[in-house]
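Structure data follow from structure_30.csv (CSV, C-alpha atoms and all ligand atoms):
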chain,number,residue,atom,x,y,z
A,10,MET,CA,-18.1,52.3,39.1
A,11,SER,CA,-16.8,48.8,39.9
A,12,ALA,CA,-16.9,47.5,43.4
A,13,ALA,CA,-14.1,49.0,45.5
A,14,PRO,CA,-12.6,47.6,48.7
A,15,HIS,CA,-13.1,51.0,50.2
A,16,THR,CA,-16.7,52.2,49.7
A,17,GLU,CA,-17.6,55.8,49.3
A,18,ARG,CA,-19.5,55.8,52.6
A,19,GLU,CA,-16.4,54.8,54.6
A,20,ILE,CA,-14.1,57.6,53.2
A,21,GLN,CA,-12.8,60.0,55.9
A,22,TRP,CA,-11.0,62.9,54.3
A,23,THR,CA,-11.0,66.7,54.9
A,24,ARG,CA,-7.7,67.9,53.4
A,25,ARG,CA,-8.0,70.6,50.6
A,26,HIS,CA,-4.5,70.4,49.3
A,27,LEU,CA,-1.8,67.7,49.0
A,28,LEU,CA,1.5,69.5,49.7
A,29,GLY,CA,3.6,66.8,51.3
A,30,ILE,CA,3.7,63.4,53.0
A,31,ALA,CA,4.9,65.2,56.1
A,32,ASP,CA,1.4,66.6,56.7
A,33,LEU,CA,-0.4,63.3,56.3
A,34,SER,CA,-1.3,60.8,59.0
A,35,ARG,CA,-1.0,57.0,58.4
A,36,GLU,CA,-4.8,56.9,58.1
A,37,GLU,CA,-4.8,59.6,55.4
A,38,ILE,CA,-2.1,57.7,53.4
A,39,GLU,CA,-4.1,54.5,53.7
A,40,THR,CA,-7.3,56.3,52.6
A,41,VAL,CA,-5.5,57.3,49.4
A,42,LEU,CA,-4.1,53.7,48.9
A,43,ASP,CA,-7.5,52.2,49.6
A,44,THR,CA,-9.3,54.6,47.1
A,45,ALA,CA,-6.9,53.9,44.3
A,46,PRO,CA,-7.9,50.3,43.3
A,47,GLN,CA,-11.3,51.4,42.0
A,48,PHE,CA,-9.5,53.8,39.7
A,49,ALA,CA,-6.9,51.2,38.6
A,50,ALA,CA,-10.0,49.1,37.6
A,51,VAL,CA,-11.3,51.9,35.4
A,52,ALA,CA,-8.2,51.7,33.2
A,53,LYS,CA,-8.7,47.9,32.7
A,54,ARG,CA,-12.4,48.0,31.9
A,55,LYS,CA,-13.4,45.5,29.2
A,56,SER,CA,-15.6,48.1,27.6
A,57,GLY,CA,-12.5,50.2,26.9
A,58,ILE,CA,-14.3,53.3,28.4
A,59,LYS,CA,-11.6,54.5,30.8
A,60,LYS,CA,-13.6,57.4,32.3
A,61,VAL,CA,-15.7,58.1,35.4
A,62,PRO,CA,-17.8,61.3,35.9
A,63,LEU,CA,-16.4,62.2,39.3
A,64,LEU,CA,-14.9,65.6,38.3
A,65,THR,CA,-17.2,66.6,35.4
A,66,GLY,CA,-17.1,70.3,34.8
A,67,ARG,CA,-14.0,70.8,37.0
A,68,LEU,CA,-10.9,72.5,35.6
A,69,ALA,CA,-7.4,71.1,36.5
A,70,VAL,CA,-4.4,73.1,35.5
A,71,ASN,CA,-1.0,71.4,35.1
A,72,TRP,CA,1.6,74.1,35.9
A,73,PHE,CA,5.1,72.8,35.4
A,74,HIS,CA,8.2,74.9,36.0
A,75,GLU,CA,10.6,72.0,35.6
A,76,PRO,CA,10.8,69.3,32.9
A,77,SER,CA,8.6,66.3,33.4
A,78,THR,CA,7.3,63.4,31.3
A,79,ARG,CA,5.7,60.8,33.6
A,80,THR,CA,4.3,63.1,36.3
A,81,ARG,CA,2.8,65.7,33.9
A,82,LEU,CA,1.2,63.1,31.6
A,83,SER,CA,0.0,61.1,34.6
A,84,PHE,CA,-1.8,64.0,36.2
A,85,GLU,CA,-3.3,65.1,32.9
A,86,LEU,CA,-4.5,61.6,32.2
A,87,ALA,CA,-5.8,61.2,35.8
A,88,ALA,CA,-7.8,64.4,35.5
A,89,LYS,CA,-9.2,63.4,32.1
A,90,ARG,CA,-10.2,60.0,33.3
A,91,LEU,CA,-12.2,61.7,36.1
A,92,SER,CA,-13.9,63.8,33.3
A,93,ALA,CA,-12.3,67.1,34.3
A,94,ASP,CA,-11.2,69.7,31.8
A,95,THR,CA,-7.5,70.2,31.7
A,96,LEU,CA,-5.1,73.0,30.8
A,97,ALA,CA,-1.3,72.7,30.6
A,98,MET,CA,1.1,75.5,31.3
A,99,THR,CA,4.9,75.5,31.1
A,100,THR,CA,7.1,78.3,32.4
A,101,SER,CA,8.9,79.0,29.1
A,102,ALA,CA,5.6,79.6,27.4
A,103,SER,CA,3.9,81.6,30.2
A,104,SER,CA,4.1,85.2,31.5
A,105,VAL,CA,6.4,84.1,34.3
A,106,VAL,CA,9.3,84.7,31.9
A,107,LYS,CA,8.0,88.4,31.6
A,108,GLY,CA,8.4,88.8,35.4
A,109,GLU,CA,4.9,87.9,36.6
A,110,THR,CA,4.8,86.5,40.1
A,111,LEU,CA,3.5,83.1,41.0
A,112,HIS,CA,0.7,84.7,43.0
A,113,ASP,CA,-0.4,86.9,40.0
A,114,THR,CA,-0.2,84.0,37.6
A,115,LEU,CA,-2.3,81.9,39.9
A,116,ALA,CA,-4.8,84.7,40.6
A,117,ASN,CA,-5.3,84.9,36.8
A,118,ILE,CA,-5.8,81.2,36.4
A,119,GLU,CA,-8.3,81.3,39.3
A,120,ALA,CA,-10.1,84.1,37.6
A,121,MET,CA,-10.9,81.5,34.9
A,122,GLN,CA,-12.4,79.3,37.6
A,123,ALA,CA,-9.7,76.7,38.0
A,124,ASP,CA,-10.5,74.0,40.6
A,125,ILE,CA,-7.2,72.1,40.9
A,126,ILE,CA,-3.6,73.5,40.4
A,127,ILE,CA,-0.9,70.8,40.0
A,128,LEU,CA,2.4,72.6,40.5
A,129,ARG,CA,5.9,71.4,39.9
A,130,HIS,CA,8.5,74.0,40.9
A,131,ASP,CA,12.2,74.1,41.4
A,132,CYS,CA,11.8,76.1,44.6
A,133,ALA,CA,11.0,74.1,47.7
A,134,GLY,CA,7.8,75.4,49.4
A,135,ALA,CA,6.3,77.1,46.3
A,136,PRO,CA,3.1,75.0,46.4
A,137,HIS,CA,2.8,75.7,50.2
A,138,ILE,CA,2.9,79.5,49.6
A,139,LEU,CA,0.3,79.3,46.9
A,140,ALA,CA,-2.0,77.0,48.9
A,141,ALA,CA,-1.9,79.5,51.9
A,142,SER,CA,-3.5,82.3,49.9
A,143,HIS,CA,-5.5,80.9,47.1
A,144,THR,CA,-8.8,79.1,46.8
A,145,SER,CA,-8.1,76.2,44.4
A,146,HIS,CA,-6.9,72.8,45.5
A,147,VAL,CA,-3.1,72.7,45.2
A,148,ILE,CA,-1.2,69.5,44.5
A,149,ASN,CA,2.5,69.4,44.9
A,150,ALA,CA,3.9,67.6,41.8
A,151,GLY,CA,7.5,68.0,43.1
A,152,ASP,CA,9.0,71.2,44.8
A,153,GLY,CA,12.8,71.4,44.4
A,154,ARG,CA,14.6,68.9,46.6
A,155,HIS,CA,11.7,69.0,49.2
A,156,GLU,CA,8.8,66.6,48.5
A,157,HIS,CA,7.0,64.7,45.8
A,158,PRO,CA,4.0,63.3,47.6
A,159,THR,CA,2.2,61.5,44.8
A,160,GLN,CA,5.3,59.7,43.8
A,161,ALA,CA,5.7,58.3,47.4
A,162,LEU,CA,2.0,57.4,47.4
A,163,LEU,CA,2.1,55.5,44.1
A,164,ASP,CA,5.3,53.7,45.3
A,165,ALA,CA,3.6,52.6,48.5
A,166,PHE,CA,0.6,51.5,46.5
A,167,THR,CA,2.8,49.5,44.1
A,168,ILE,CA,4.6,47.8,47.0
A,169,ARG,CA,1.4,47.0,48.8
A,170,GLU,CA,-0.2,45.5,45.7
A,171,HIS,CA,2.7,43.2,45.2
A,172,LEU,CA,2.8,42.2,48.9
A,173,ARG,CA,-0.9,41.4,48.8
A,174,ARG,CA,-0.5,39.3,45.6
A,175,LYS,CA,2.5,37.5,46.9
A,176,THR,CA,1.1,36.7,50.4
A,177,GLY,CA,-2.5,36.1,49.2
A,178,ASN,CA,-3.5,38.4,52.0
A,179,PRO,CA,-5.8,41.2,50.8
A,180,GLU,CA,-5.2,43.1,54.0
A,181,ALA,CA,-1.3,42.9,54.0
A,182,SER,CA,0.3,46.1,55.0
A,183,LEU,CA,3.8,47.5,54.7
A,184,ASP,CA,4.5,47.0,58.5
A,185,GLY,CA,8.0,45.5,58.9
A,186,ILE,CA,9.0,45.3,55.3
A,187,LYS,CA,12.5,46.4,54.4
A,188,VAL,CA,13.0,49.0,51.7
A,189,THR,CA,16.5,50.1,50.6
A,190,LEU,CA,16.8,53.4,48.7
A,191,VAL,CA,20.1,53.6,46.7
A,192,GLY,CA,21.7,56.6,45.1
A,193,ASP,CA,21.5,60.4,45.2
A,194,ILE,CA,19.5,60.8,48.4
A,195,GLU,CA,20.7,64.4,49.0
A,196,HIS,CA,19.0,65.9,45.9
A,197,SER,CA,16.0,63.7,45.9
A,198,ARG,CA,12.5,64.8,46.8
A,199,VAL,CA,11.4,61.3,45.9
A,200,ALA,CA,13.7,60.0,48.7
A,201,ARG,CA,12.4,62.5,51.3
A,202,SER,CA,8.7,61.7,50.5
A,203,ASN,CA,9.4,58.0,50.5
A,204,ILE,CA,11.2,58.0,53.8
A,205,LEU,CA,8.3,59.8,55.4
A,206,CYS,CA,5.6,57.7,53.8
A,207,LEU,CA,7.3,54.3,54.3
A,208,ASN,CA,8.0,55.2,58.0
A,209,LYS,CA,4.4,56.2,58.6
A,210,LEU,CA,3.3,52.9,57.1
A,211,GLY,CA,5.6,50.9,59.4
A,212,ALA,CA,8.3,49.9,56.9
A,213,GLN,CA,12.1,49.9,57.7
A,214,VAL,CA,14.0,52.2,55.5
A,215,THR,CA,17.8,51.9,54.7
A,216,LEU,CA,19.6,54.6,52.7
A,217,CYS,CA,22.7,53.9,50.7
A,218,GLY,CA,24.9,56.1,48.5
A,219,PRO,CA,28.1,58.1,48.5
A,220,ALA,CA,28.5,60.1,51.7
A,221,THR,CA,28.6,63.3,49.6
A,222,LEU,CA,25.0,62.5,48.4
A,223,MET,CA,23.7,61.7,51.9
A,224,PRO,CA,21.9,64.5,53.7
A,225,ALA,CA,23.2,65.5,57.1
A,226,ARG,CA,21.3,64.0,60.1
A,227,VAL,CA,18.9,62.0,57.8
A,228,GLU,CA,18.8,59.3,60.5
A,229,GLU,CA,16.6,61.7,62.4
A,230,MET,CA,13.9,61.1,59.8
A,231,GLY,CA,13.9,57.4,60.9
A,232,ALA,CA,16.1,55.8,58.3
A,233,ARG,CA,19.2,53.7,58.7
A,234,VAL,CA,22.2,54.8,56.7
A,235,CYS,CA,24.6,52.3,55.2
A,236,TYR,CA,27.5,53.1,52.9
A,237,ASP,CA,28.2,49.6,51.8
A,238,LEU,CA,25.7,48.6,49.1
A,239,ARG,CA,26.1,44.8,49.7
A,240,GLU,CA,25.2,45.3,53.4
A,241,ALA,CA,22.4,47.7,52.5
A,242,LEU,CA,20.8,45.1,50.1
A,243,ARG,CA,20.9,42.2,52.5
A,244,GLY,CA,17.3,41.2,53.4
A,245,ALA,CA,15.7,44.0,51.3
A,246,ASP,CA,12.1,43.4,50.2
A,247,VAL,CA,12.4,46.4,47.9
A,248,VAL,CA,15.4,47.9,46.2
A,249,TYR,CA,14.6,51.4,45.1
A,250,SER,CA,17.2,53.0,42.8
A,251,LEU,CA,17.2,56.8,42.6
A,252,ARG,CA,18.4,58.9,39.7
A,253,ILE,CA,21.7,60.7,40.0
A,254,GLN,CA,20.4,64.3,39.7
A,255,LEU,CA,23.2,65.7,37.6
A,256,GLU,CA,21.2,68.9,37.1
A,257,ARG,CA,21.0,69.7,40.8
A,258,GLN,CA,24.6,68.8,41.7
A,259,GLN,CA,27.6,71.0,41.9
A,260,HIS,CA,30.6,69.3,40.4
A,261,GLY,CA,32.7,66.8,42.2
A,262,LEU,CA,30.2,65.1,44.5
A,263,PHE,CA,31.7,61.7,43.6
A,264,PRO,CA,35.1,61.1,42.0
A,265,SER,CA,34.0,59.6,38.7
A,266,ILE,CA,31.1,57.8,37.1
A,267,ARG,CA,33.2,54.7,36.9
A,268,GLU,CA,33.8,54.8,40.7
A,269,TYR,CA,30.1,55.4,41.4
A,270,ILE,CA,29.1,52.4,39.2
A,271,ARG,CA,31.6,50.1,41.0
A,272,LEU,CA,30.4,51.0,44.4
A,273,PHE,CA,26.7,51.8,44.1
A,274,ARG,CA,25.1,50.6,40.9
A,275,VAL,CA,22.2,48.3,41.3
A,276,ASP,CA,23.1,45.5,38.9
A,277,HIS,CA,23.4,41.7,38.7
A,278,ASP,CA,26.6,41.8,40.7
A,279,SER,CA,25.3,43.9,43.6
A,280,LEU,CA,21.9,42.2,43.6
A,281,ARG,CA,23.5,38.9,44.5
A,282,HIS,CA,23.4,40.3,48.0
A,283,ALA,CA,19.6,40.9,48.0
A,284,PRO,CA,16.9,38.3,48.2
A,285,GLU,CA,16.0,36.8,44.9
A,286,ASP,CA,12.5,38.1,44.9
A,287,ALA,CA,13.3,41.7,45.9
A,288,LEU,CA,11.3,44.2,43.9
A,289,ILE,CA,13.2,46.7,41.8
A,290,MET,CA,11.8,50.2,41.7
A,291,HIS,CA,12.9,53.6,40.2
A,292,PRO,CA,10.8,56.8,39.8
A,293,GLY,CA,12.1,57.5,36.3
A,294,PRO,CA,13.7,58.9,34.3
A,295,ILE,CA,16.5,56.3,34.5
A,296,ASN,CA,20.1,57.0,33.7
A,297,ARG,CA,20.5,53.5,32.1
A,298,ASP,CA,23.6,51.7,33.3
A,299,LEU,CA,24.5,54.5,35.7
A,300,GLU,CA,22.5,54.0,38.8
A,301,LEU,CA,20.6,51.0,37.5
A,302,ALA,CA,21.7,48.3,35.0
A,303,ALA,CA,19.5,48.3,31.9
A,304,ASP,CA,18.9,44.5,32.1
A,305,ILE,CA,17.7,44.8,35.7
A,306,ALA,CA,15.4,47.8,34.8
A,307,ASP,CA,13.9,45.7,32.1
A,308,GLY,CA,14.0,42.4,34.0
A,309,PRO,CA,11.4,40.3,35.7
A,310,ARG,CA,11.8,41.8,39.2
A,311,SER,CA,11.4,45.3,37.9
A,312,VAL,CA,8.0,47.0,38.7
A,313,ILE,CA,9.1,50.3,37.2
A,314,LEU,CA,6.3,50.4,34.5
A,315,GLU,CA,3.7,49.3,37.1
A,316,GLN,CA,4.7,52.3,39.1
A,317,VAL,CA,3.8,54.4,36.1
A,318,SER,CA,0.4,52.7,35.6
A,319,ASN,CA,-0.4,52.9,39.3
A,320,GLY,CA,0.6,56.6,39.3
A,321,VAL,CA,-2.5,57.4,37.2
A,322,ALA,CA,-4.9,55.5,39.6
A,323,VAL,CA,-3.3,57.1,42.7
A,324,ARG,CA,-3.5,60.6,41.3
A,325,MET,CA,-7.1,60.0,40.4
A,326,ALA,CA,-7.7,59.0,44.0
A,327,VAL,CA,-5.9,62.1,45.2
A,328,MET,CA,-7.9,64.5,43.0
A,329,HIS,CA,-11.2,62.8,43.8
A,330,LEU,CA,-10.5,63.0,47.6
A,331,LEU,CA,-9.3,66.6,47.5
A,332,VAL,CA,-12.2,67.9,45.4
A,333,ASN,CA,-15.1,65.7,46.4
A,334,TYR,CA,-14.2,65.4,50.1
A,335,GLY,CA,-11.8,68.2,50.9
A,336,GLY,CA,-14.2,71.1,50.9
A,337,ALA,CA,-15.8,73.1,48.0
A,338,VAL,CA,-13.7,75.7,46.2
B,401,LIG,C1,11.3,62.3,39.9
B,401,LIG,C2,11.3,63.8,40.1
B,401,LIG,O1,11.0,64.6,39.2
B,401,LIG,O2,11.5,64.2,41.2
B,401,LIG,N1,10.7,61.8,38.7
B,401,LIG,C3,9.4,61.7,38.6
B,401,LIG,O3,8.7,62.5,39.1
B,401,LIG,N2,9.0,60.6,38.0
B,401,LIG,C4,12.7,61.7,40.1
B,401,LIG,C5,13.8,62.3,39.2
B,401,LIG,O4,13.7,63.3,38.5
B,401,LIG,O5,14.9,61.7,39.4

Write the structure described by the file as structure tokens, please.
Ligand code: NCD
Amino acid sequence: MSAAPHTEREIQWTRRHLLGIADLSREEIETVLDTAPQFAAVAKRKSGIKKVPLLTGRLAVNWFHEPSTRTRLSFELAAKRLSADTLAMTTSASSVVKGETLHDTLANIEAMQADIIILRHDCAGAPHILAASHTSHVINAGDGRHEHPTQALLDAFTIREHLRRKTGNPEASLDGIKVTLVGDIEHSRVARSNILCLNKLGAQVTLCGPATLMPARVEEMGARVCYDLREALRGADVVYSLRIQLERQQHGLFPSIREYIRLFRVDHDSLRHAPEDALIMHPGPINRDLELAADIADGPRSVILEQVSNGVAVRMAVMHLLVNYGGAV
């Protein structure tokens, strides 16, 4: 493996599961971020051999109860690049549709000696329930509106890499940087995990969106709420656009799409109020021209595809830490 800023000897990690950012300390978050660069380097090897033997003979099961493109492929690729075997299971093609409980399904998967269960579920808390009574390493790949910890970790990693490149300081941290999340905060597990993660890393978080898509008492999580997009974008180092989660909304949470676009879309017009070098981020999938203008998503300030590339490295880091440092199964 190529030289890493964080050598194997220095790694302090004991956690068996990754269920949410809420559980992690700043040190644990930084351990993941410091472990990721060596895996990002694996993907860029001149030899073209994008694999390391850190999880050889282990079995990772991707278990997705909700649609996913990026996260599912990213976890599968991360496991493969660590030399693990992978299985994929979707609800519509599993015995869950015949009435089998999550516990029974997992007990059966574990009877086939699975080591890592990567679970996406529409019920908040589903991965926590499984982790409490099963032996494999459980990773939350998004539970309802609750958390999406690997998304927040890859986002923090992406911001930190940019900051380090921009300042030329290889130790630069997120302390004091300003991140504005715009859109459907209420239905977004990405927003929740990002607020928690960015706060723990010392960043200042501003939330902006229609009042009907803003969770009650969200300020108590340590974020500033601002309903005026121009004001929210002022001084932002990062503008993070969130998808309008039409599938989780009841009708009528904002008057019309046209009204939403006028007040809250991240586009050339609204970005005149942000610094010129503000990074543009989005977790995907994008509703093009709804929450984010297509030319901005594809433009020079956008790091949306870097988020995707970094996602593989960060998920490799997470699986490596959980399995090789977080206690044997
Ligand atoms: C997010 C998710 O599923 O929570 N997407 C993702 O994981 N890349 C965000 C979303 O669906 O809007």

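Proximal residues of ligand LIG 401 (chain B) are Arg79, Thr80, Gly151, Arg198, Val199, Arg252, Pro292, Gly293 and Pro294 of chain A, by a cut-off of 6 Å on only C-alpha atoms and all ligand atoms.
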
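Residues with any atom within 7 Å of the point (1.0, 72.0, 38.2), counting only C-alpha atoms, are Val70, Asn71, Trp72, Phe73, Ile126, Ile127, Leu128, Arg129 and Ala150 of chain A.
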
- Task: Excluding stretch 228-244 of chain A and residues on its chain fewer than 5 positions from it, collect all residues at most 8 Å away from it, counting all atoms listed in the file, and give them as a PyMOL selection string.
- Result: chain A and resi 187+189+191+204-205+208+213-220+272-273+279-280+282-284

Once you have the residues from the selection above, write them out as a tab-separated table (two decimals), in the frame of the given file, restricted to C-alpha atoms.
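Dumped to again-v9.tsv:
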chain	number	residue	atom	x	y	z
A	187	LYS	CA	12.50	46.40	54.40
A	189	THR	CA	16.50	50.10	50.60
A	191	VAL	CA	20.10	53.60	46.70
A	204	ILE	CA	11.20	58.00	53.80
A	205	LEU	CA	8.30	59.80	55.40
A	208	ASN	CA	8.00	55.20	58.00
A	213	GLN	CA	12.10	49.90	57.70
A	214	VAL	CA	14.00	52.20	55.50
A	215	THR	CA	17.80	51.90	54.70
A	216	LEU	CA	19.60	54.60	52.70
A	217	CYS	CA	22.70	53.90	50.70
A	218	GLY	CA	24.90	56.10	48.50
A	219	PRO	CA	28.10	58.10	48.50
A	220	ALA	CA	28.50	60.10	51.70
A	272	LEU	CA	30.40	51.00	44.40
A	273	PHE	CA	26.70	51.80	44.10
A	279	SER	CA	25.30	43.90	43.60
A	280	LEU	CA	21.90	42.20	43.60
A	282	HIS	CA	23.40	40.30	48.00
A	283	ALA	CA	19.60	40.90	48.00
A	284	PRO	CA	16.90	38.30	48.20

- Using only C-alpha atoms, which residue out of A:Ala69, A:Leu210, A:Ala225, A:Leu301 lies closest to A:Glu36? A:Leu210

- Determine, counting only C-alpha atoms, which protein, DNA and RNA residues have an atom within 10 Å of an atom of stretch 37-52 of chain A; residues of the same chain fewer than 3 positions away are not included. Present the result as number ranges by chain. A: 10-17, 19-24, 30, 32-34, 55-61, 87, 90-91, 159, 161-163, 165-167, 169-170, 182, 206, 209-210, 318-330

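Counting only C-alpha atoms and comparing A:Lys175, A:His157, A:Arg271, A:His277, the residue that lies closest to A:Ile305 is A:His277.
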
- Message: So that I can see what lies close to A:Gly153, please list as JSON, numbers by chain the residues with an atom at most 9 Å from it, counting only C-alpha atoms and leaving out residues fewer than 6 positions away in the same chain.
- Response: {"A": [129, 130, 131, 132, 133, 134, 135, 196, 197, 198]}

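The closest residue to A:Arg201, picked from A:Glu156, A:Asp184, A:Asp276, A:Asp298 and counting only C-alpha atoms, is A:Glu156.
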
- Message: So that I can see what lies close to A:Thr144, please list as a ChimeraX atom specification the residues with an atom at most 10 Å from it, counting only C-alpha atoms and leaving out residues fewer than 3 positions away in the same chain.
- Response: /A:25,115-116,119,122-126,139-141,147,337-338

- Message: Can you measure atom CA of A:Thr95 to atom CA of A:Leu68 for me? One decimal in Å is fine.
- Response: 5.7 Å

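Computed from the coordinates, the atom CA of A:Ala200 to atom CA of A:Leu222 distance equals 11.6 Å.
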
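Computed from the coordinates, the atom CA of A:Ser142 to atom CA of A:Pro76 distance equals 25.7 Å.
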
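For A:Val247, the list of residues within 9 Å, based on all atoms listed in the file and with local chain neighbours fewer than 4 positions off taken out, reads Ile168, Ile186, Lys187, Val188, Thr189, Leu190, Leu242, Asp286, Ala287, Leu288, Ile289 and Met290 of chain A.
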